[in-house]
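Here is work.cif, consisting of mmCIF, N, CA and C atoms:
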```
data_upload
loop_
_atom_site.label_atom_id
_atom_site.label_comp_id
_atom_site.auth_asym_id
_atom_site.auth_seq_id
_atom_site.Cartn_x
_atom_site.Cartn_y
_atom_site.Cartn_z
N MET A 108 -28.18 16.22 -20.16
CA MET A 108 -27.26 15.24 -19.64
C MET A 108 -27.93 14.51 -18.48
N THR A 109 -27.85 13.20 -18.47
CA THR A 109 -28.37 12.42 -17.36
C THR A 109 -27.34 12.39 -16.24
N PHE A 110 -27.79 11.95 -15.06
CA PHE A 110 -26.88 11.84 -13.93
C PHE A 110 -25.78 10.82 -14.24
N GLU A 111 -26.15 9.72 -14.88
CA GLU A 111 -25.15 8.70 -15.25
C GLU A 111 -24.10 9.29 -16.20
N GLN A 112 -24.54 10.08 -17.17
CA GLN A 112 -23.60 10.72 -18.09
C GLN A 112 -22.71 11.71 -17.35
N MET A 113 -23.29 12.44 -16.42
CA MET A 113 -22.51 13.38 -15.62
C MET A 113 -21.42 12.63 -14.84
N LEU A 114 -21.80 11.54 -14.21
CA LEU A 114 -20.83 10.76 -13.44
C LEU A 114 -19.72 10.21 -14.33
N GLU A 115 -20.08 9.76 -15.51
CA GLU A 115 -19.05 9.24 -16.43
C GLU A 115 -18.10 10.34 -16.88
N ARG A 116 -18.63 11.53 -17.12
CA ARG A 116 -17.77 12.67 -17.50
C ARG A 116 -16.82 13.03 -16.37
N VAL A 117 -17.35 13.07 -15.15
CA VAL A 117 -16.51 13.37 -13.98
C VAL A 117 -15.48 12.27 -13.79
N ARG A 118 -15.91 11.04 -13.93
CA ARG A 118 -14.98 9.91 -13.78
C ARG A 118 -13.84 10.01 -14.79
N TYR A 119 -14.16 10.29 -16.03
CA TYR A 119 -13.16 10.39 -17.08
C TYR A 119 -12.24 11.59 -16.87
N GLU A 120 -12.83 12.77 -16.69
CA GLU A 120 -12.03 13.99 -16.57
C GLU A 120 -11.24 14.06 -15.27
N GLY A 121 -11.76 13.44 -14.22
CA GLY A 121 -11.05 13.45 -12.94
C GLY A 121 -10.13 12.26 -12.76
N ALA A 122 -10.16 11.33 -13.71
CA ALA A 122 -9.34 10.13 -13.67
C ALA A 122 -9.61 9.29 -12.42
N TYR A 123 -10.88 9.18 -12.05
CA TYR A 123 -11.25 8.36 -10.90
C TYR A 123 -11.39 6.92 -11.37
N PRO A 124 -10.87 5.97 -10.60
CA PRO A 124 -10.91 4.57 -11.05
C PRO A 124 -12.30 3.95 -11.07
N THR A 125 -13.22 4.45 -10.24
CA THR A 125 -14.54 3.83 -10.21
C THR A 125 -15.64 4.89 -10.31
N ARG A 126 -16.80 4.44 -10.72
CA ARG A 126 -17.97 5.32 -10.79
C ARG A 126 -18.36 5.77 -9.40
N ALA A 127 -18.22 4.89 -8.42
CA ALA A 127 -18.58 5.23 -7.04
C ALA A 127 -17.72 6.38 -6.52
N GLN A 128 -16.45 6.39 -6.86
CA GLN A 128 -15.59 7.50 -6.43
C GLN A 128 -16.01 8.80 -7.10
N ALA A 129 -16.34 8.73 -8.36
CA ALA A 129 -16.81 9.92 -9.07
C ALA A 129 -18.11 10.43 -8.44
N GLU A 130 -19.02 9.53 -8.13
CA GLU A 130 -20.29 9.93 -7.53
C GLU A 130 -20.08 10.56 -6.15
N GLU A 131 -19.18 10.02 -5.38
CA GLU A 131 -18.87 10.58 -4.06
C GLU A 131 -18.39 12.03 -4.19
N ARG A 132 -17.52 12.29 -5.17
CA ARG A 132 -17.02 13.65 -5.39
C ARG A 132 -18.12 14.58 -5.87
N VAL A 133 -18.94 14.10 -6.79
CA VAL A 133 -20.04 14.92 -7.31
C VAL A 133 -20.97 15.32 -6.18
N ARG A 134 -21.35 14.38 -5.36
CA ARG A 134 -22.28 14.66 -4.26
C ARG A 134 -21.67 15.65 -3.25
N ALA A 135 -20.41 15.47 -2.91
CA ALA A 135 -19.76 16.35 -1.94
C ALA A 135 -19.64 17.78 -2.47
N VAL A 136 -19.20 17.91 -3.72
CA VAL A 136 -18.99 19.24 -4.30
C VAL A 136 -20.33 19.95 -4.52
N LEU A 137 -21.33 19.24 -5.02
CA LEU A 137 -22.63 19.88 -5.24
C LEU A 137 -23.29 20.29 -3.94
N ALA A 138 -23.14 19.48 -2.88
CA ALA A 138 -23.68 19.88 -1.58
C ALA A 138 -22.99 21.14 -1.09
N ALA A 139 -21.68 21.20 -1.24
CA ALA A 139 -20.93 22.39 -0.81
C ALA A 139 -21.34 23.61 -1.64
N LEU A 140 -21.51 23.43 -2.94
CA LEU A 140 -21.93 24.53 -3.80
C LEU A 140 -23.33 24.99 -3.43
N GLY A 141 -24.18 24.06 -3.03
CA GLY A 141 -25.53 24.41 -2.61
C GLY A 141 -25.56 25.31 -1.39
N ARG A 142 -24.48 25.30 -0.61
CA ARG A 142 -24.39 26.19 0.54
C ARG A 142 -23.94 27.59 0.14
N GLN A 143 -23.56 27.79 -1.12
CA GLN A 143 -23.00 29.07 -1.55
C GLN A 143 -23.88 29.85 -2.51
N VAL A 144 -24.59 29.17 -3.40
CA VAL A 144 -25.36 29.84 -4.46
C VAL A 144 -26.77 30.10 -3.96
N THR A 145 -27.25 31.32 -4.19
CA THR A 145 -28.58 31.72 -3.71
C THR A 145 -29.39 32.34 -4.84
N GLY A 146 -30.62 32.68 -4.52
CA GLY A 146 -31.48 33.47 -5.40
C GLY A 146 -31.85 32.80 -6.71
N ASP A 147 -32.09 33.65 -7.71
CA ASP A 147 -32.50 33.17 -9.02
C ASP A 147 -31.46 32.26 -9.65
N GLU A 148 -30.19 32.52 -9.36
CA GLU A 148 -29.12 31.69 -9.91
C GLU A 148 -29.22 30.26 -9.37
N ARG A 149 -29.57 30.13 -8.12
CA ARG A 149 -29.75 28.79 -7.52
C ARG A 149 -30.89 28.04 -8.22
N VAL A 150 -31.99 28.73 -8.42
CA VAL A 150 -33.15 28.12 -9.07
C VAL A 150 -32.82 27.72 -10.51
N GLU A 151 -32.17 28.62 -11.23
CA GLU A 151 -31.86 28.35 -12.63
C GLU A 151 -30.83 27.22 -12.78
N LEU A 152 -29.81 27.22 -11.91
CA LEU A 152 -28.82 26.15 -11.99
C LEU A 152 -29.48 24.82 -11.64
N THR A 153 -30.35 24.81 -10.67
CA THR A 153 -31.06 23.58 -10.30
C THR A 153 -31.80 23.00 -11.51
N SER A 154 -32.41 23.86 -12.30
CA SER A 154 -33.18 23.38 -13.46
C SER A 154 -32.29 22.80 -14.55
N ARG A 155 -31.01 23.13 -14.54
CA ARG A 155 -30.10 22.63 -15.58
C ARG A 155 -29.33 21.38 -15.16
N LEU A 156 -29.36 21.06 -13.89
CA LEU A 156 -28.67 19.87 -13.40
C LEU A 156 -29.53 18.63 -13.59
N PRO A 157 -28.91 17.47 -13.76
CA PRO A 157 -29.70 16.23 -13.75
C PRO A 157 -30.44 16.13 -12.41
N TYR A 158 -31.57 15.48 -12.41
CA TYR A 158 -32.44 15.42 -11.23
C TYR A 158 -31.67 15.04 -9.96
N GLU A 159 -30.91 13.95 -9.99
CA GLU A 159 -30.21 13.48 -8.80
C GLU A 159 -29.21 14.51 -8.31
N ALA A 160 -28.54 15.19 -9.23
CA ALA A 160 -27.59 16.24 -8.86
C ALA A 160 -28.32 17.45 -8.27
N ALA A 161 -29.47 17.78 -8.84
CA ALA A 161 -30.26 18.91 -8.35
C ALA A 161 -30.74 18.66 -6.93
N VAL A 162 -31.11 17.44 -6.62
CA VAL A 162 -31.56 17.10 -5.27
C VAL A 162 -30.43 17.32 -4.27
N VAL A 163 -29.24 16.88 -4.60
CA VAL A 163 -28.08 17.08 -3.72
C VAL A 163 -27.80 18.57 -3.55
N PHE A 164 -27.78 19.30 -4.65
CA PHE A 164 -27.50 20.73 -4.64
C PHE A 164 -28.50 21.50 -3.79
N THR A 165 -29.77 21.20 -3.91
CA THR A 165 -30.80 21.95 -3.19
C THR A 165 -31.06 21.43 -1.78
N SER A 166 -30.44 20.34 -1.40
CA SER A 166 -30.65 19.80 -0.06
C SER A 166 -29.94 20.61 1.02
N GLN A 167 -29.09 21.54 0.60
CA GLN A 167 -28.33 22.36 1.52
C GLN A 167 -28.93 23.75 1.66
N PHE A 168 -28.92 24.27 2.87
CA PHE A 168 -29.34 25.64 3.08
C PHE A 168 -28.16 26.55 2.77
N PRO A 169 -28.40 27.66 2.08
CA PRO A 169 -27.30 28.59 1.81
C PRO A 169 -26.69 29.12 3.11
N ALA A 170 -25.38 29.27 3.11
CA ALA A 170 -24.66 29.79 4.26
C ALA A 170 -24.98 31.26 4.47
N ALA A 171 -24.91 31.70 5.71
CA ALA A 171 -25.17 33.11 6.02
C ALA A 171 -24.10 34.00 5.38
N GLU A 172 -22.88 33.56 5.40
CA GLU A 172 -21.76 34.28 4.78
C GLU A 172 -21.10 33.38 3.75
N PRO A 173 -21.06 33.79 2.49
CA PRO A 173 -20.41 32.95 1.48
C PRO A 173 -18.90 32.87 1.70
N LEU A 174 -18.34 31.74 1.33
CA LEU A 174 -16.90 31.52 1.45
C LEU A 174 -16.19 31.95 0.19
N THR A 175 -14.94 32.40 0.32
CA THR A 175 -14.12 32.63 -0.86
C THR A 175 -13.86 31.28 -1.51
N GLY A 176 -13.36 31.29 -2.73
CA GLY A 176 -13.05 30.03 -3.41
C GLY A 176 -12.08 29.17 -2.63
N TRP A 177 -11.03 29.79 -2.08
CA TRP A 177 -10.03 29.05 -1.31
C TRP A 177 -10.66 28.48 -0.03
N ASP A 178 -11.47 29.29 0.66
CA ASP A 178 -12.14 28.81 1.87
C ASP A 178 -13.15 27.70 1.55
N PHE A 179 -13.78 27.79 0.40
CA PHE A 179 -14.70 26.75 -0.07
C PHE A 179 -13.97 25.42 -0.15
N VAL A 180 -12.79 25.42 -0.76
CA VAL A 180 -12.00 24.19 -0.91
C VAL A 180 -11.55 23.69 0.45
N LYS A 181 -11.07 24.57 1.31
CA LYS A 181 -10.61 24.16 2.65
C LYS A 181 -11.77 23.60 3.48
N ASP A 182 -12.94 24.23 3.39
CA ASP A 182 -14.11 23.75 4.14
C ASP A 182 -14.53 22.37 3.64
N LEU A 183 -14.54 22.20 2.33
CA LEU A 183 -14.92 20.90 1.77
C LEU A 183 -13.90 19.83 2.16
N ALA A 184 -12.62 20.18 2.16
CA ALA A 184 -11.58 19.22 2.58
C ALA A 184 -11.79 18.79 4.03
N SER A 185 -12.14 19.73 4.89
CA SER A 185 -12.36 19.37 6.30
C SER A 185 -13.60 18.50 6.46
N ARG A 186 -14.62 18.73 5.64
CA ARG A 186 -15.85 17.93 5.73
C ARG A 186 -15.65 16.51 5.20
N THR A 187 -14.80 16.37 4.18
CA THR A 187 -14.60 15.05 3.56
C THR A 187 -13.40 14.29 4.11
N GLY A 188 -12.52 15.00 4.81
CA GLY A 188 -11.33 14.35 5.33
C GLY A 188 -10.23 14.16 4.30
N ALA A 189 -10.38 14.76 3.14
CA ALA A 189 -9.38 14.67 2.08
C ALA A 189 -8.38 15.82 2.22
N SER A 190 -7.26 15.69 1.53
CA SER A 190 -6.29 16.78 1.55
C SER A 190 -6.83 17.96 0.75
N VAL A 191 -6.28 19.13 1.00
CA VAL A 191 -6.71 20.33 0.27
C VAL A 191 -6.38 20.18 -1.22
N ALA A 192 -5.23 19.60 -1.53
CA ALA A 192 -4.85 19.43 -2.94
C ALA A 192 -5.82 18.49 -3.66
N THR A 193 -6.17 17.40 -3.03
CA THR A 193 -7.12 16.46 -3.63
C THR A 193 -8.49 17.11 -3.78
N THR A 194 -8.89 17.84 -2.76
CA THR A 194 -10.20 18.51 -2.80
C THR A 194 -10.23 19.56 -3.90
N ARG A 195 -9.14 20.26 -4.10
CA ARG A 195 -9.07 21.27 -5.19
C ARG A 195 -9.26 20.58 -6.53
N TRP A 196 -8.64 19.42 -6.72
CA TRP A 196 -8.79 18.65 -7.96
C TRP A 196 -10.25 18.21 -8.13
N ASP A 197 -10.81 17.63 -7.08
CA ASP A 197 -12.19 17.15 -7.13
C ASP A 197 -13.15 18.30 -7.45
N THR A 198 -12.96 19.42 -6.77
CA THR A 198 -13.84 20.57 -6.97
C THR A 198 -13.76 21.08 -8.40
N GLY A 199 -12.57 21.24 -8.90
CA GLY A 199 -12.40 21.71 -10.28
C GLY A 199 -13.00 20.76 -11.29
N THR A 200 -12.83 19.48 -11.06
CA THR A 200 -13.37 18.48 -11.99
C THR A 200 -14.90 18.57 -12.05
N VAL A 201 -15.53 18.60 -10.90
CA VAL A 201 -17.00 18.63 -10.85
C VAL A 201 -17.53 19.97 -11.37
N LEU A 202 -16.93 21.07 -10.92
CA LEU A 202 -17.47 22.38 -11.31
C LEU A 202 -17.24 22.70 -12.78
N ARG A 203 -16.23 22.12 -13.40
CA ARG A 203 -16.09 22.30 -14.86
C ARG A 203 -17.25 21.66 -15.60
N ILE A 204 -17.74 20.52 -15.10
CA ILE A 204 -18.91 19.87 -15.71
C ILE A 204 -20.16 20.71 -15.45
N VAL A 205 -20.28 21.23 -14.24
CA VAL A 205 -21.42 22.11 -13.91
C VAL A 205 -21.40 23.34 -14.82
N ALA A 206 -20.24 23.89 -15.07
CA ALA A 206 -20.12 25.06 -15.96
C ALA A 206 -20.61 24.73 -17.36
N GLN A 207 -20.40 23.52 -17.81
CA GLN A 207 -20.86 23.12 -19.13
C GLN A 207 -22.39 23.00 -19.17
N LEU A 208 -22.98 22.66 -18.05
CA LEU A 208 -24.44 22.55 -17.99
C LEU A 208 -25.11 23.92 -17.91
N ALA A 209 -24.42 24.87 -17.31
CA ALA A 209 -24.92 26.25 -17.26
C ALA A 209 -24.39 26.98 -18.48
N ASP A 210 -25.15 27.89 -19.03
CA ASP A 210 -24.60 28.67 -20.14
C ASP A 210 -23.71 29.78 -19.58
N GLU A 211 -23.02 30.47 -20.47
CA GLU A 211 -22.06 31.51 -20.06
C GLU A 211 -22.74 32.62 -19.26
N GLU A 212 -23.95 32.97 -19.64
CA GLU A 212 -24.66 34.06 -18.96
C GLU A 212 -24.97 33.67 -17.52
N LEU A 213 -25.50 32.48 -17.31
CA LEU A 213 -25.80 32.01 -15.95
C LEU A 213 -24.52 31.88 -15.14
N LEU A 214 -23.50 31.30 -15.71
CA LEU A 214 -22.24 31.14 -14.99
C LEU A 214 -21.68 32.50 -14.60
N GLY A 215 -21.79 33.48 -15.48
CA GLY A 215 -21.34 34.83 -15.15
C GLY A 215 -22.09 35.41 -13.97
N ARG A 216 -23.39 35.19 -13.91
CA ARG A 216 -24.19 35.69 -12.79
C ARG A 216 -23.83 34.96 -11.49
N ILE A 217 -23.59 33.66 -11.59
CA ILE A 217 -23.19 32.89 -10.40
C ILE A 217 -21.85 33.41 -9.88
N LEU A 218 -20.91 33.60 -10.79
CA LEU A 218 -19.58 34.08 -10.37
C LEU A 218 -19.65 35.49 -9.82
N ALA A 219 -20.53 36.32 -10.35
CA ALA A 219 -20.69 37.69 -9.84
C ALA A 219 -21.25 37.67 -8.42
N GLN A 220 -22.04 36.67 -8.10
CA GLN A 220 -22.67 36.56 -6.79
C GLN A 220 -21.68 36.06 -5.73
N LEU A 221 -20.74 35.23 -6.15
CA LEU A 221 -19.82 34.59 -5.21
C LEU A 221 -18.58 35.46 -4.96
N PRO A 222 -17.94 35.29 -3.80
CA PRO A 222 -16.68 36.00 -3.54
C PRO A 222 -15.59 35.54 -4.51
N SER A 223 -14.44 36.15 -4.44
CA SER A 223 -13.35 35.83 -5.35
C SER A 223 -12.88 34.38 -5.18
N GLY A 224 -12.30 33.86 -6.25
CA GLY A 224 -11.69 32.55 -6.21
C GLY A 224 -12.48 31.42 -6.84
N TYR A 225 -13.71 31.67 -7.25
CA TYR A 225 -14.52 30.60 -7.81
C TYR A 225 -14.32 30.40 -9.31
N ALA A 226 -13.97 31.46 -10.02
CA ALA A 226 -13.86 31.34 -11.47
C ALA A 226 -12.89 30.22 -11.86
N LEU A 227 -11.75 30.16 -11.22
CA LEU A 227 -10.78 29.11 -11.53
C LEU A 227 -11.33 27.72 -11.23
N LEU A 228 -12.14 27.61 -10.19
CA LEU A 228 -12.74 26.32 -9.86
C LEU A 228 -13.70 25.86 -10.95
N PHE A 229 -14.33 26.82 -11.64
CA PHE A 229 -15.24 26.51 -12.75
C PHE A 229 -14.49 26.43 -14.09
N GLY A 230 -13.18 26.56 -14.05
CA GLY A 230 -12.38 26.47 -15.27
C GLY A 230 -12.36 27.76 -16.07
N ARG A 231 -12.61 28.88 -15.41
CA ARG A 231 -12.62 30.19 -16.07
C ARG A 231 -11.52 31.07 -15.51
N ALA A 232 -11.14 32.10 -16.25
CA ALA A 232 -10.15 33.06 -15.77
C ALA A 232 -10.79 33.93 -14.69
N GLU A 233 -10.02 34.29 -13.72
CA GLU A 233 -10.49 35.19 -12.65
C GLU A 233 -10.08 36.59 -13.03
N LEU A 234 -11.02 37.38 -13.50
CA LEU A 234 -10.75 38.74 -13.92
C LEU A 234 -11.16 39.69 -12.82
N ILE A 235 -10.31 40.68 -12.57
CA ILE A 235 -10.64 41.70 -11.57
C ILE A 235 -10.53 43.07 -12.22
N GLN A 236 -11.32 43.99 -11.70
CA GLN A 236 -11.30 45.33 -12.24
C GLN A 236 -10.17 46.13 -11.59
N ALA A 237 -9.54 46.99 -12.38
CA ALA A 237 -8.51 47.87 -11.85
C ALA A 237 -9.16 48.89 -10.93
N ALA A 238 -8.44 49.28 -9.92
CA ALA A 238 -8.97 50.27 -8.96
C ALA A 238 -9.10 51.64 -9.56
#
```

Would you write the structure of this file as C-alpha cells?
Amino acid sequence: MTFEQMLERVRYEGAYPTRAQAEERVRAVLAALGRQVTGDERVELTSRLPYEAAVVFTSQFPAAEPLTGWDFVKDLASRTGASVATTRWDTGTVLRIVAQLADEELLGRILAQLPSGYALLFGRAELIQAA
C-alpha cells in the first residue's frame, strides 16, 4: 500500500472531508504509536508501513513507561487539542488500517507488548485471561 492509498483508506473509513484532514490524523496517531511500540515489533511494523508513514512512526523515541490504551487516547487528545471522543475515532480509524498492514502474528506481538486497551483501538477484541 502506498502512502496515498493509506490516506485515501483513512479518509474513506474515517469520513474525513479532505485528504489533508486524513493526513493530519495519520501523522498524529502514528507519531503517538511510535512512542509506544519498541523492539523487534517496532522494526517489523516500520517495514510494513508506507515510507512516509514509517518516517513519522520512527521519528518518535519510545516512552519510558507505555500508556494504557485509554491514556494513549487522552495523551493524543491533549497533544492535538481535539476532544477525547474525536481522538478515539481518529485513533481507531488509523490503527485499523495499520492492523491491515501488519499480519495477525505481528499484531498479536504488538498487542502483547502494550498495556491493556489497545486491542479495541486496532479493531480487535480485548481478551483477558481468567485469574

Provide the atom N of Glu211 of chain A to atom CA of Val191 of chain A distance in Å, to one decimal place. 28.3 Å

Give me, as a list in words, all polymer residues having an atom no more than 5 Å from segment 144-159 of chain A, counting only N, CA and C atoms and skipping those fewer than 4 positions away in the same chain.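 Residues near the query, excluding close chain neighbours: Phe110, Leu140 and Val163 of chain A.
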
What's the separation between atom CA of Ala171 of chain A and atom C of Gln128 of chain A, in Å to one decimal place?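 Atom-to-atom, atom CA of Ala171 of chain A and atom C of Gln128 of chain A are spaced 29.1 Å apart.
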
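Restricting the calculation to only N, CA and C atoms, the smallest distance between Ala170 of chain A and any of A:Gly141, A:Ser190, A:Thr198, A:Gln112 is found for A:Gly141.
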
Quick one: distance from atom C of Asp182 of chain A to atom C of Met108 of chain A in Å, one decimal?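 Going from atom C of Asp182 of chain A over to atom C of Met108 of chain A, I get 27.0 Å.
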
Counting only N, CA and C atoms, the residue of A:Thr109, A:Thr200, A:Thr194, A:Thr187 that sits nearest Gly121 of chain A: A:Thr200

Give as a list of chain:residue names the residues that the PyMOL selection byres ((chain A and resi 224) around 7) matches when applied to the coordinates above.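 Matching residues under the PyMOL selection byres ((chain A and resi 224) around 7) are A:Thr175, A:Gly176, A:Trp177, A:Leu221, A:Pro222, A:Ser223, A:Tyr225, A:Ala226, A:Leu227, A:Leu228, A:Phe229, A:Glu233.
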
DSSP on the backbone: which residues in segment 123-232 of chain A end up as helix (DSSP H, G or I)? Give the answer as number ranges by chain. A: 126-141, 146-155, 158-165, 176-187, 191-208, 211-220, 225-228

Which residue gives the smallest distance to Glu172 of chain A among A:Arg216, A:Arg142, A:Arg132, A:Arg195, with only C-alpha atoms counted?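 Smallest separation from Glu172 of chain A among the options: A:Arg142.
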
From the set A:Leu202, A:Asp178, A:Met113, A:Ala219, which residue has the shortest atom-to-atom contact distance to Leu137 of chain A, counting all atoms listed in the file? A:Leu202

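The shell of residues at most 8 Å from Leu183 of chain A, with only C-alpha atoms counted and near chain neighbours (fewer than 5 positions) removed, consists of Ala135, Val136, Ala139 and Thr194 of chain A.
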
List the neighbours of Ser166 of chain A out to 7 Å using only N, CA and C atoms; skip same-chain residues closer than 4 positions along the sequence, and give me the result as an MDAnalysis selection string. chainID A and resid 138 141 161:162

Could N, CA, C and O atoms be built for segment 178-191 of chain A and written out as a PDB file, in the frame of the given file?
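File written: part_34.pdb
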```pdb
ATOM      1  N   ASP A 178     -11.470  29.290   0.660  1.00  0.00           N
ATOM      2  CA  ASP A 178     -12.140  28.810   1.870  1.00  0.00           C
ATOM      3  C   ASP A 178     -13.150  27.700   1.550  1.00  0.00           C
ATOM      4  O   ASP A 178     -13.347  26.791   2.354  1.00  0.00           O
ATOM      5  N   PHE A 179     -13.780  27.790   0.400  1.00  0.00           N
ATOM      6  CA  PHE A 179     -14.700  26.750  -0.070  1.00  0.00           C
ATOM      7  C   PHE A 179     -13.970  25.420  -0.150  1.00  0.00           C
ATOM      8  O   PHE A 179     -14.444  24.394   0.348  1.00  0.00           O
ATOM      9  N   VAL A 180     -12.790  25.420  -0.760  1.00  0.00           N
ATOM     10  CA  VAL A 180     -12.000  24.190  -0.910  1.00  0.00           C
ATOM     11  C   VAL A 180     -11.550  23.690   0.450  1.00  0.00           C
ATOM     12  O   VAL A 180     -11.670  22.487   0.746  1.00  0.00           O
ATOM     13  N   LYS A 181     -11.070  24.570   1.310  1.00  0.00           N
ATOM     14  CA  LYS A 181     -10.610  24.160   2.650  1.00  0.00           C
ATOM     15  C   LYS A 181     -11.770  23.600   3.480  1.00  0.00           C
ATOM     16  O   LYS A 181     -11.603  22.594   4.170  1.00  0.00           O
ATOM     17  N   ASP A 182     -12.940  24.230   3.390  1.00  0.00           N
ATOM     18  CA  ASP A 182     -14.110  23.750   4.140  1.00  0.00           C
ATOM     19  C   ASP A 182     -14.530  22.370   3.640  1.00  0.00           C
ATOM     20  O   ASP A 182     -14.805  21.476   4.445  1.00  0.00           O
ATOM     21  N   LEU A 183     -14.540  22.200   2.330  1.00  0.00           N
ATOM     22  CA  LEU A 183     -14.920  20.900   1.770  1.00  0.00           C
ATOM     23  C   LEU A 183     -13.900  19.830   2.160  1.00  0.00           C
ATOM     24  O   LEU A 183     -14.273  18.696   2.493  1.00  0.00           O
ATOM     25  N   ALA A 184     -12.620  20.180   2.160  1.00  0.00           N
ATOM     26  CA  ALA A 184     -11.580  19.220   2.580  1.00  0.00           C
ATOM     27  C   ALA A 184     -11.790  18.790   4.030  1.00  0.00           C
ATOM     28  O   ALA A 184     -11.679  17.604   4.350  1.00  0.00           O
ATOM     29  N   SER A 185     -12.140  19.730   4.890  1.00  0.00           N
ATOM     30  CA  SER A 185     -12.360  19.370   6.300  1.00  0.00           C
ATOM     31  C   SER A 185     -13.600  18.500   6.460  1.00  0.00           C
ATOM     32  O   SER A 185     -13.643  17.617   7.303  1.00  0.00           O
ATOM     33  N   ARG A 186     -14.620  18.730   5.640  1.00  0.00           N
ATOM     34  CA  ARG A 186     -15.850  17.930   5.730  1.00  0.00           C
ATOM     35  C   ARG A 186     -15.650  16.510   5.200  1.00  0.00           C
ATOM     36  O   ARG A 186     -16.299  15.586   5.668  1.00  0.00           O
ATOM     37  N   THR A 187     -14.800  16.370   4.180  1.00  0.00           N
ATOM     38  CA  THR A 187     -14.600  15.050   3.560  1.00  0.00           C
ATOM     39  C   THR A 187     -13.400  14.290   4.110  1.00  0.00           C
ATOM     40  O   THR A 187     -13.275  13.096   3.866  1.00  0.00           O
ATOM     41  N   GLY A 188     -12.520  15.000   4.810  1.00  0.00           N
ATOM     42  CA  GLY A 188     -11.330  14.350   5.330  1.00  0.00           C
ATOM     43  C   GLY A 188     -10.230  14.160   4.300  1.00  0.00           C
ATOM     44  O   GLY A 188      -9.235  13.488   4.552  1.00  0.00           O
ATOM     45  N   ALA A 189     -10.380  14.760   3.140  1.00  0.00           N
ATOM     46  CA  ALA A 189      -9.380  14.670   2.080  1.00  0.00           C
ATOM     47  C   ALA A 189      -8.380  15.820   2.220  1.00  0.00           C
ATOM     48  O   ALA A 189      -8.641  16.802   2.908  1.00  0.00           O
ATOM     49  N   SER A 190      -7.260  15.690   1.530  1.00  0.00           N
ATOM     50  CA  SER A 190      -6.290  16.780   1.550  1.00  0.00           C
ATOM     51  C   SER A 190      -6.830  17.960   0.750  1.00  0.00           C
ATOM     52  O   SER A 190      -7.723  17.803  -0.099  1.00  0.00           O
ATOM     53  N   VAL A 191      -6.280  19.130   1.000  1.00  0.00           N
ATOM     54  CA  VAL A 191      -6.710  20.330   0.270  1.00  0.00           C
ATOM     55  C   VAL A 191      -6.380  20.180  -1.220  1.00  0.00           C
ATOM     56  O   VAL A 191      -7.188  20.555  -2.070  1.00  0.00           O
TER      57      VAL A 191
END
```
